[in-house]
Structures are given as structure tokens and as C-alpha cells.
Amino acid sequence: MDPMAAIRDTFFLECEEQLAELENGLMAMEADEANSETVNAVFRAVHSIKGGGGAFALEELVRFAHVFETTLDGVRAGRLTVDAPAIRTMLMAADILADLVRAARDGTQSDGARIATTVAELTRLSGAAVASSVGVVEEDDMSDLFQPITVNLDLAQDKAEPGSNWTITFAPRPEMYANANEAALILRELASFGELAVELHADGLPDLAALDPEGAYFRWTLRLQSDCDEAKLRDVFEWVESDCDLDISRPAPVALDDAPAALATPADDVLDLAALLASLAPTASKNPAPAEAVPLTVESVPAQTSGPSSKPAEVNATIRVDLVRVDRLIDLVGELVINEAMLNQRVLEAGVARASGMNSALDSLSQLTREIQDSVMAIRAQPVRSVFQRMPRLVREVAAMTGKSVRLVTEGEGTEVDKTVVERLSDPLTHMIRNAIDHGLETPAIRRETGKPEEGVVRLSALHRSGRIVIEVADDGAGLDRARIKAKAAEKGLIAADAVLSDEETDNLIFMPGFSTAATISDISGRGVGLDVVRRSVQSLGGRISIASRPGKGSTFTLSLPLTLAVLDGMVVTVAGHTLVVPLGPILETLKPGRNQLHALGQDGRVIALRGGYIPVVDVGVSLGYRDRADPERGVALLVEGEGGERIVLQVDEIQGQRQIVIKSLEANYAAVRGIAAATVMGDGRVALILDVDAVIAASKGDGFGTLQDAARAEPSLLEMR
Amino acid sequence: MSKTILTVDDSRTMRDMLRMSLEDAGFRVVQAEDGVHGLEVLEGETPDLIITDINMPRMDGFGFIEAVRRDSAWRATPILVLTTEADASKKARARSAGATGWIVKPFDPVKLVDAVRRVAA
């Protein structure tokens, strides 16, 4: 990969970290919890982004960052008072900076108007002094340190004149050497411009007894024949100009006829000065009195020993690891768990006595394996903080858009979840929070009327509960209007007009596709790209989402997710002699249908009467091609709900139990099989296929009760491969 | 034997870019993330040149340069500072702390190497 491209990627990753630092710092300042280190960190964050942005020529970003940085410099120098409006402006600037970074990264456009407004605000804050430098990309400006010694009338003629003879006198002072500059290297650089004749004046050198090893006694007269211009020569001395006596000149070209009077002076001056320097040189070394006082003693600069009161957690050492390596490790551990289960099975079959040494050794092994698995899963575990961190900005924006006053409270940001899950949490959370603010919370006016504080609260929390992670988004708004929801659902034909539903069932109607009770479709929610999409993405993560509401008090969305995607909770069932696993997520309940509950439909179809409705029954054995017909009265039924909310009843022969299984990809090891999501290896070493519930549902809708023949053919081959 | 350069910068992007430019020119590069880390690295390495940023957490560029110059082992080691700030007072402060010279960010890899060659054979 092109190294610059890799560094560019790193830059954008780093920007995200810096943006998070920036936002946290500003929020701490808002809450009055900041100290000088916080302010410095905020400044550095913008400074870093600007620096890196410059390296990749991201001009728009750099321009804005520069204005922002200037404002922050004012803050850190104490020139700017930090009041609430100022912080609001800075928070908005932080949001814009984030937008610019992402626009630069993704190659999209940014909102010019908004940027201009904020720039104006920032400029106003930091005073008119800043205004002049807006839009200027800085250059190295040495003009104030430049102390010309000769008058040079050749400015207009400074372009390359072949074979100009430059005369340079160079007398370093001790300070130059103290800063580790080397005269020889400077001379060498000059020599690269053309032909250089070096004349050393060592007359200033005292004898050994009087010699100060750190003194400067030499000076040089250099004659350079080169066609470069004076600026280039001066550049070589850029760093040492104020620590030495320097003179650069060249004899005035004879061809200049129009200014004969002026011609005489420069040459005279040069000669005079040269003589002057020669006479000064011996004393110069003993009395270094440069124009700028450059003390050799160390200034007592307050060392930046930071005592960050708010970030103790960052002190732990961390390393960056290639994700591929971690994934491989997780795979291997998965295999280890399977093998360990197999070992247990074999020992059991071999009939070894329960209390024997072998059994206790195996128990230890089991325990170790569990611990290794937990530790390895923990490597990829990340706190949800990274997702929660984006929410304050979202809340600010939605609140502004809807004209509501909102405060976001977060809890449990340190709760950890597998990296793969964390990344996919962002969208559902965003939707839920938008929903809570747009639909849940009332306007400040209404809240005042009902005696609630004008500021609504949205509480976002995460916690671990029974092996899953539970995330809640709660608002203290008006709660769900059940009557309206039921009416709307009936109107859209989602439920029967006279259906009787519990409060909870009514509440969960909002997850149905195409459902929206918003009178006007506001910009952010209510366009049908709403909660059904949220539910689908949650389910694709193996999770569940539900809502609970109390009229007048508020609503709470509850999201429950598995801790990791590599492992699945499943129900192990037997179908036509085969062992299958049905993921627990879609299973609503298991039942043993009574004879009078089953009804025939058409020739082969069957439905079951359940809760006032009829639900199609699909025999898994038939669907997968294991058998031609099912015996409806044997077996157990699983009521499942697909991602789109459709429900069917799956018929299986037997339920063996619930287990946590390690998912093995079918595509990676064999090929994709319709109706099968993945596979796992059971304790007896046999492969068990994991059912793809949605595929079965889809197939059942197709041509009557279609079948998925491939599965039946797949399994025997799989066993051979194993 | 190639020369060793110590680069000190809290931005990973900058560190990567410096490393790339300098290694391409044949230098050996060792890195640190801020002033404190830089001093730690100096306990084990003997760089021929140090390039440092100014704005860093824990110990900034000025503090780092002064600390380095205090140590007799490093008094004569050239130190270049990286700066985006054209502010002359910052440059003067760097120089008074003991910096040998400066490079302006964003840097041109060619100019960077030229600057390095100007102070380190």
C-alpha cells in the first residue's frame, strides 16, 4: 500500500481521537470542571488537526482550524473570557471541524454558509486582530529577525546572473555554537551553490591558557561564485543570523549606468564594514553582546507536569494490534472450546468413573478453557463510550432543529461490548435518540403547562444483564399515545380494527414497517425510515428491542444485545434425525400444539390458531428437504418472528436444550447454503447446522410452502470434510 | 554507518510522516510521543540529531529542549523544532532554550532533509 495513503488513513483516525478530546474538553469547560491542562489539551487537539491537515493540503480544513486555533490560543493565554455563549460558539466550531474532517476524508462537500457564520463568530470572540489572518496560510516570516548590514541596490537584479561573485563575511558568536550549529556544515552548504573560496581569519584565537573551549574565535571571508540569488544565501544562515555577524554582498555590476552615484556607496560600505569587522573580531568573542540577549542559562520554565484530575483511566499502557491477529486468536479459541467439549464427550462415553483423576483434570481443563475464552473475548471488547460520545452532538442538533430544550445524561459508558457490536450500535441509537427528542419530548411551552421542567431529559444507559448488554434510551416526555397508535395501525391495516391488544402489544406496534403517527413528517424522524429499520438492524445483531411507556411520564426503549457475534445462544433441536440449532433471538415461545389447534390449509399447508390469529406452520424437516411430509401431531412447535416481524411456527421433532455455541462460517468452510446461516460443531464431533429463520420464512411464503433442498444434501458432505 | 535521528511529536500522523521522509533519505529513526517519553528514549539511544514538536502533553518542546541541553551528553546535539506557528517569539523562545534551528509544518520532505543535513553531517 502506498505509504502516504496509509499515513493519511492514520491521520483521519487520529483526527477522530483529537475531535473526541476536543469535545470532552469543551464540555468540561462548559461544566466548569476544566483546569489549565484541559484548555491546553483542547488547543493541542485543534493544533494537531491543523498540522496534519496542512501536510495533506486540506485547505478548507486548515483555514477553519486556524481561526479556531487562534481563538483557543486566546483562551489558553487568558486573553479571552470563557462564558456560556463563548463555549457554545466553540462547541459549534468543534462540530464544524468534525464535519470538515469527515468531508475531507470522504471527499464530500461541507456547509459553506454554516462555516462562514461560525468563522465570523470566532473572529468576533478573538478580536479584530485575528481578522486579518483569516484565510492566510502561514509562511515562515523571518523579516523581523533579519538585520541587514549593507544596503543592497541590486534587488531588482537579484535574479540569476551567471557567475556573480558574492563576498560573505561570517563571524559566529559563542551562542551559535551553544545551540549546536556547526560552521563547517554551513560552509559546506554554501559550497554546494557554486565555487567557494574560504579564507579563515584566526587572528582572534588566543593562546591555550586563555582559550575558552566554548568561545568563538574564528571568522571567515568567503568568496562564492554562484548564480543563486541573495535570498537563497541568506536562507543558509537563517538560524544563525542573530548569533553571528554576517555580511553578504557582491560587487556592483559595472553595467549599471543609470545610478552611478549609488554605485560607489555599497562598495565603500562593504570595505568599511569588512575592516570594521576585522577590528571588532578579537573583542567580539570576549564580549558577546548580541542584539538579542540569548542567555545560556536555562530559563525556569514551569514544567508541564500535568495533574489531569479528570482522566485517570488513560494512564494504562496500551498497544495497537492488527485486528486480523485478534480475529485469528478468537477463531482458535473457538476451536479449543469445541475440542474440549468433544474430549468431555468421549471421556463420558468411555465410561470413566466420575470421581476419577481424569474427570477432575478435565474439569480443570474446562475451567481454563472458559477463562481463556472470556479473556480473548475481552480483547475485542470496547467500552460503549466510543458510540455514546457521538450522542451529545446529536442531541444538540436535534434539539436545535425541533426547538426543544434537552439535556442528555449518560450512564455506564464503560460497559464493554465486542468491537463488532459497538460499531453497529451507532445507527439504532441515533434513531432512538432522535425519536425520543422529536416525538417523545414535548415542547418547552407544553412542559411548562404540565408543570414539568422546561428542559427535557434523555437518559442513555448501558449495563450488563444475564450475559447480554442492555442499552436503554429513556425520555421524560409525554409517553406513547396508545389510542392514536391503535387507530393508525388499524387505518394502515396492520391490525384488525377490533383487535384487542395489551398495552405492551400496542406500544410495540410502532416497530411495524411504514408506521408513523407524526402529523407532519419532520426532517429527522417520521419518514418511515424509522423504528422498523432500527428493529431490523438490532435483530441482525442477534438482539431485541422493545418499548415501555407511561402516559405523561415518558418512554423507555430497551435494547438487548449479545455480547459478541462470534458466539450464539441457540436452541438445539432434532429434525428427522439431524441436529440443528435455532438461534434464540427470533424464538418467541415453544409450544406443543394440541390437536384442535392445528388446521389444514389447502392441500399440504397447515396453520395453527394462536392468540386470535392463524399462523402458518412450517415443518423444518420438510422445508430443508429431509423428509417429504411431516407428522403434525408429533413434535414440538417454535413460534418465531422474523426480522420483518412476520411470524411462523417451526415444527421440529424434539428440543434437546439451550446452549451457547461457537459460530463457524459455512461459506468459509464449504459454500453458502440457503436456509442455513452457519454451522457449529457439537460435543460429539458432529456438525450441527444453524437455521436461518428468515430464509425459512421467506421460502414458506414463496410457492405455497417451498422447500430448501440444498440443506439435505449439504450435511453428509460436511461430515466427510470434518 | 547511518545517522540516528530522534523525532518527538505527539501526533502519530506527524511521526509517521517524519519517519517516512527521513528513512527514505537513509537515516535511522527512533521516536517519542512527548517530552517525558523523549527523555526516556535518550537514556537508551544516542541520536545524532533531535527533531521535536512544540505543543505536546506532559512536557512541551521548550521544556524538552531545555532538559536535553542541561544534560552534558546532549549539549552539542543539534535540535530542530517543528512549528506551524510563524510567531517570531516562539522561534526566539526555542532558540533561547537551545534549539539549533526550525522547520515549518507542513514540511516539504526535501527541505526537511536539507535542514537535517545543514546541522548534522
# chains A, B, ... in the order shown; residues from 1 in each chain; ligands from 1
call {"tool": "select_by_dssp", "arguments": {"residues": "range 419-646 of chain A", "states": "helix (DSSP H, G or I)", "output": "ChimeraX atom specification"}}
result
/A:419-423,426-440,444-449,482-491,503-511,531-540,595-597,620-623
call {"tool": "closest_atom_pairs", "arguments": {"of": "chain B", "to": "chain A", "cutoff": "8 Å", "atoms": "only C-alpha atoms", "output": "JSON lines"}}
result
{"residue": "B:Ser11", "atom": "CA", "partner": "A:Ser48", "partner_atom": "CA", "distance": 6.6}
{"residue": "B:Arg12", "atom": "CA", "partner": "A:Glu14", "partner_atom": "CA", "distance": 7.2}
{"residue": "B:Thr13", "atom": "CA", "partner": "A:Phe11", "partner_atom": "CA", "distance": 5.0}
{"residue": "B:Met14", "atom": "CA", "partner": "A:Gly52", "partner_atom": "CA", "distance": 6.8}
{"residue": "B:Asp16", "atom": "CA", "partner": "A:Ile7", "partner_atom": "CA", "distance": 6.4}
{"residue": "B:Met17", "atom": "CA", "partner": "A:Ile7", "partner_atom": "CA", "distance": 7.0}
{"residue": "B:Met20", "atom": "CA", "partner": "A:Pro3", "partner_atom": "CA", "distance": 7.9}
{"residue": "B:Asn55", "atom": "CA", "partner": "A:Arg44", "partner_atom": "CA", "distance": 6.4}
{"residue": "B:Met56", "atom": "CA", "partner": "A:Arg44", "partner_atom": "CA", "distance": 7.2}
{"residue": "B:Pro57", "atom": "CA", "partner": "A:Ala41", "partner_atom": "CA", "distance": 7.2}
{"residue": "B:Arg58", "atom": "CA", "partner": "A:Gln304", "partner_atom": "CA", "distance": 5.4}
{"residue": "B:Met59", "atom": "CA", "partner": "A:Gln304", "partner_atom": "CA", "distance": 5.0}
{"residue": "B:Asp60", "atom": "CA", "partner": "A:Gln304", "partner_atom": "CA", "distance": 6.9}
{"residue": "B:Gly63", "atom": "CA", "partner": "A:Ala303", "partner_atom": "CA", "distance": 6.2}
{"residue": "B:Glu66", "atom": "CA", "partner": "A:Val298", "partner_atom": "CA", "distance": 6.5}
{"residue": "B:Arg70", "atom": "CA", "partner": "A:Val298", "partner_atom": "CA", "distance": 7.8}
{"residue": "B:Arg75", "atom": "CA", "partner": "A:Ala180", "partner_atom": "CA", "distance": 7.4}
{"residue": "B:Ala76", "atom": "CA", "partner": "A:Ala180", "partner_atom": "CA", "distance": 4.9}
{"residue": "B:Thr77", "atom": "CA", "partner": "A:Ala180", "partner_atom": "CA", "distance": 5.8}
{"residue": "B:Pro78", "atom": "CA", "partner": "A:Ala180", "partner_atom": "CA", "distance": 4.9}
{"residue": "B:Ile79", "atom": "CA", "partner": "A:Ala180", "partner_atom": "CA", "distance": 7.6}
{"residue": "B:Thr84", "atom": "CA", "partner": "A:Gly51", "partner_atom": "CA", "distance": 6.8}
{"residue": "B:Glu85", "atom": "CA", "partner": "A:Glu138", "partner_atom": "CA", "distance": 7.8}
{"residue": "B:Ala86", "atom": "CA", "partner": "A:Asp140", "partner_atom": "CA", "distance": 5.6}
{"residue": "B:Ala88", "atom": "CA", "partner": "A:Asp144", "partner_atom": "CA", "distance": 7.7}
{"residue": "B:Arg95", "atom": "CA", "partner": "A:Asn179", "partner_atom": "CA", "distance": 7.5}
{"residue": "B:Ser96", "atom": "CA", "partner": "A:Val294", "partner_atom": "CA", "distance": 5.6}
{"residue": "B:Ala97", "atom": "CA", "partner": "A:Val298", "partner_atom": "CA", "distance": 6.8}
{"residue": "B:Gly98", "atom": "CA", "partner": "A:Asn179", "partner_atom": "CA", "distance": 5.0}
{"residue": "B:Ala99", "atom": "CA", "partner": "A:Asn179", "partner_atom": "CA", "distance": 5.8}
{"residue": "B:Thr100", "atom": "CA", "partner": "A:Asn179", "partner_atom": "CA", "distance": 4.8}
{"residue": "B:Gly101", "atom": "CA", "partner": "A:Trp239", "partner_atom": "CA", "distance": 5.2}
{"residue": "B:Trp102", "atom": "CA", "partner": "A:Trp239", "partner_atom": "CA", "distance": 7.5}
{"residue": "B:Val104", "atom": "CA", "partner": "A:Asp140", "partner_atom": "CA", "distance": 6.8}
{"residue": "B:Lys105", "atom": "CA", "partner": "A:Gly51", "partner_atom": "CA", "distance": 6.5}
{"residue": "B:Pro106", "atom": "CA", "partner": "A:Ala55", "partner_atom": "CA", "distance": 4.7}
{"residue": "B:Phe107", "atom": "CA", "partner": "A:Ala55", "partner_atom": "CA", "distance": 7.0}
{"residue": "B:Arg117", "atom": "CA", "partner": "A:Leu185", "partner_atom": "CA", "distance": 7.9}
{"residue": "B:Arg118", "atom": "CA", "partner": "A:Leu185", "partner_atom": "CA", "distance": 5.8}
{"residue": "B:Val119", "atom": "CA", "partner": "A:Asn181", "partner_atom": "CA", "distance": 6.1}
{"residue": "B:Ala120", "atom": "CA", "partner": "A:Leu185", "partner_atom": "CA", "distance": 7.6}
{"residue": "B:Ala121", "atom": "CA", "partner": "A:Leu185", "partner_atom": "CA", "distance": 6.8}
call {"tool": "residues_around", "arguments": {"residues": "Ser2 in chain B", "least_positions_apart": "6", "cutoff": "9 Å", "atoms": "only C-alpha atoms", "output": "list in words"}}
result
Gly26, Phe27 and Arg28 of chain B
call {"tool": "residues_around", "arguments": {"residues": "Asp53 in chain B", "least_positions_apart": "5", "cutoff": "6 Å", "atoms": "only C-alpha atoms", "output": "list in words"}}
result
Asp9, Gly61, Val81 and Leu82 of chain B
call {"tool": "write_last_selection", "arguments": {"atoms": "N, CA, C and O atoms", "output": "PDB file, in the first residue's frame"}}
result
ATOM      1  N   ASP B   9       7.050  13.842  18.790  1.00  0.00           N
ATOM      2  CA  ASP B   9       5.827  14.537  18.383  1.00  0.00           C
ATOM      3  C   ASP B   9       4.642  13.746  18.900  1.00  0.00           C
ATOM      4  O   ASP B   9       4.649  12.524  18.823  1.00  0.00           O
ATOM      5  N   GLY B  61       7.766  21.147  23.898  1.00  0.00           N
ATOM      6  CA  GLY B  61       9.048  21.219  23.194  1.00  0.00           C
ATOM      7  C   GLY B  61      10.072  22.059  23.931  1.00  0.00           C
ATOM      8  O   GLY B  61      11.244  21.688  24.036  1.00  0.00           O
ATOM      9  N   VAL B  81      13.290  22.289  15.814  1.00  0.00           N
ATOM     10  CA  VAL B  81      11.890  22.255  16.252  1.00  0.00           C
ATOM     11  C   VAL B  81      10.964  22.328  15.052  1.00  0.00           C
ATOM     12  O   VAL B  81      11.245  22.982  14.054  1.00  0.00           O
ATOM     13  N   LEU B  82       9.839  21.654  15.195  1.00  0.00           N
ATOM     14  CA  LEU B  82       8.804  21.696  14.174  1.00  0.00           C
ATOM     15  C   LEU B  82       7.766  22.695  14.630  1.00  0.00           C
ATOM     16  O   LEU B  82       7.289  22.621  15.754  1.00  0.00           O
TER      17      LEU B  82
END
call {"tool": "atom_distance", "arguments": {"atom1": "CA of Ala86 in chain A", "atom2": "CA of Gly74 in chain A"}}
result
11.9 Å
call {"tool": "atom_distance", "arguments": {"atom1": "CA of Pro513 in chain A", "atom2": "CA of Leu494 in chain A"}}
result
9.2 Å
call {"tool": "residues_around", "arguments": {"residues": "range 501-509 of chain A", "least_positions_apart": "6", "cutoff": "10 Å", "atoms": "only C-alpha atoms", "output": "VMD selection string"}}
result
chain A and resid 479 to 483 485 to 486 488 to 489 494 to 495 515 531 to 532 545 to 550 555
call {"tool": "decode", "arguments": {"residues": "range 3-37 of chain B", "atoms": "N, CA and C atoms", "output": "mmCIF file, in the first residue's frame"}}
result
data_model
loop_
_atom_site.group_PDB
_atom_site.id
_atom_site.type_symbol
_atom_site.label_atom_id
_atom_site.label_comp_id
_atom_site.auth_asym_id
_atom_site.auth_seq_id
_atom_site.Cartn_x
_atom_site.Cartn_y
_atom_site.Cartn_z
ATOM 1 N N LYS B 3 23.187 7.817 10.252
ATOM 2 C CA LYS B 3 22.939 8.632 11.433
ATOM 3 C C LYS B 3 21.589 8.287 12.033
ATOM 4 N N THR B 4 21.483 8.528 13.339
ATOM 5 C CA THR B 4 20.225 8.278 14.029
ATOM 6 C C THR B 4 19.560 9.605 14.363
ATOM 7 N N ILE B 5 18.271 9.673 14.103
ATOM 8 C CA ILE B 5 17.516 10.886 14.421
ATOM 9 C C ILE B 5 16.394 10.526 15.383
ATOM 10 N N LEU B 6 16.261 11.301 16.444
ATOM 11 C CA LEU B 6 15.157 11.101 17.376
ATOM 12 C C LEU B 6 14.065 12.102 17.030
ATOM 13 N N THR B 7 12.843 11.619 16.762
ATOM 14 C CA THR B 7 11.738 12.538 16.485
ATOM 15 C C THR B 7 10.751 12.487 17.641
ATOM 16 N N VAL B 8 10.358 13.649 18.117
ATOM 17 C CA VAL B 8 9.446 13.724 19.253
ATOM 18 C C VAL B 8 8.219 14.521 18.838
ATOM 19 N N ASP B 9 7.050 13.842 18.790
ATOM 20 C CA ASP B 9 5.827 14.537 18.383
ATOM 21 C C ASP B 9 4.642 13.746 18.900
ATOM 22 N N ASP B 10 3.628 14.430 19.432
ATOM 23 C CA ASP B 10 2.507 13.682 19.990
ATOM 24 C C ASP B 10 1.530 13.217 18.919
ATOM 25 N N SER B 11 1.704 13.679 17.695
ATOM 26 C CA SER B 11 0.780 13.264 16.649
ATOM 27 C C SER B 11 1.341 12.068 15.896
ATOM 28 N N ARG B 12 0.568 10.991 15.869
ATOM 29 C CA ARG B 12 1.077 9.802 15.186
ATOM 30 C C ARG B 12 1.269 10.070 13.700
ATOM 31 N N THR B 13 0.367 10.884 13.148
ATOM 32 C CA THR B 13 0.485 11.219 11.734
ATOM 33 C C THR B 13 1.835 11.876 11.450
ATOM 34 N N MET B 14 2.176 12.860 12.293
ATOM 35 C CA MET B 14 3.453 13.542 12.113
ATOM 36 C C MET B 14 4.609 12.570 12.254
ATOM 37 N N ARG B 15 4.547 11.716 13.256
ATOM 38 C CA ARG B 15 5.646 10.768 13.478
ATOM 39 C C ARG B 15 5.813 9.886 12.252
ATOM 40 N N ASP B 16 4.690 9.417 11.716
ATOM 41 C CA ASP B 16 4.781 8.556 10.527
ATOM 42 C C ASP B 16 5.387 9.299 9.356
ATOM 43 N N MET B 17 4.970 10.566 9.182
ATOM 44 C CA MET B 17 5.487 11.316 8.036
ATOM 45 C C MET B 17 6.970 11.601 8.191
ATOM 46 N N LEU B 18 7.378 11.954 9.399
ATOM 47 C CA LEU B 18 8.805 12.204 9.622
ATOM 48 C C LEU B 18 9.613 10.940 9.361
ATOM 49 N N ARG B 19 9.100 9.845 9.881
ATOM 50 C CA ARG B 19 9.831 8.584 9.708
ATOM 51 C C ARG B 19 9.986 8.264 8.235
ATOM 52 N N MET B 20 8.882 8.417 7.512
ATOM 53 C CA MET B 20 8.930 8.079 6.098
ATOM 54 C C MET B 20 9.963 8.926 5.369
ATOM 55 N N SER B 21 9.895 10.260 5.583
ATOM 56 C CA SER B 21 10.817 11.154 4.875
ATOM 57 C C SER B 21 12.260 10.889 5.257
ATOM 58 N N LEU B 22 12.504 10.670 6.543
ATOM 59 C CA LEU B 22 13.890 10.517 6.979
ATOM 60 C C LEU B 22 14.459 9.151 6.614
ATOM 61 N N GLU B 23 13.646 8.117 6.750
ATOM 62 C CA GLU B 23 14.170 6.794 6.402
ATOM 63 C C GLU B 23 14.440 6.710 4.918
ATOM 64 N N ASP B 24 13.600 7.360 4.120
ATOM 65 C CA ASP B 24 13.842 7.394 2.677
ATOM 66 C C ASP B 24 15.193 8.022 2.368
ATOM 67 N N ALA B 25 15.616 8.952 3.221
ATOM 68 C CA ALA B 25 16.905 9.614 2.983
ATOM 69 C C ALA B 25 18.053 8.848 3.618
ATOM 70 N N GLY B 26 17.747 7.702 4.188
ATOM 71 C CA GLY B 26 18.815 6.851 4.700
ATOM 72 C C GLY B 26 19.141 7.015 6.171
ATOM 73 N N PHE B 27 18.295 7.744 6.906
ATOM 74 C CA PHE B 27 18.562 7.893 8.330
ATOM 75 C C PHE B 27 17.851 6.813 9.113
ATOM 76 N N ARG B 28 18.370 6.552 10.302
ATOM 77 C CA ARG B 28 17.690 5.639 11.202
ATOM 78 C C ARG B 28 16.865 6.503 12.150
ATOM 79 N N VAL B 29 15.605 6.138 12.326
ATOM 80 C CA VAL B 29 14.710 6.993 13.100
ATOM 81 C C VAL B 29 14.240 6.296 14.367
ATOM 82 N N VAL B 30 14.364 6.989 15.506
ATOM 83 C CA VAL B 30 13.719 6.499 16.733
ATOM 84 C C VAL B 30 12.723 7.571 17.155
ATOM 85 N N GLN B 31 11.657 7.169 17.851
ATOM 86 C CA GLN B 31 10.576 8.123 18.094
ATOM 87 C C GLN B 31 10.153 8.206 19.546
ATOM 88 N N ALA B 32 9.535 9.327 19.873
ATOM 89 C CA ALA B 32 8.934 9.505 21.201
ATOM 90 C C ALA B 32 7.668 10.325 21.046
ATOM 91 N N GLU B 33 6.776 10.191 22.042
ATOM 92 C CA GLU B 33 5.470 10.821 21.902
ATOM 93 C C GLU B 33 5.335 12.167 22.587
ATOM 94 N N ASP B 34 6.218 12.465 23.507
ATOM 95 C CA ASP B 34 6.185 13.783 24.137
ATOM 96 C C ASP B 34 7.518 13.979 24.846
ATOM 97 N N GLY B 35 7.667 15.103 25.532
ATOM 98 C CA GLY B 35 8.958 15.418 26.128
ATOM 99 C C GLY B 35 9.428 14.380 27.139
ATOM 100 N N VAL B 36 8.492 13.956 27.987
ATOM 101 C CA VAL B 36 8.886 12.979 29.017
ATOM 102 C C VAL B 36 9.370 11.685 28.366
ATOM 103 N N HIS B 37 8.608 11.215 27.402
ATOM 104 C CA HIS B 37 8.980 9.995 26.691
ATOM 105 C C HIS B 37 10.315 10.184 25.983
#
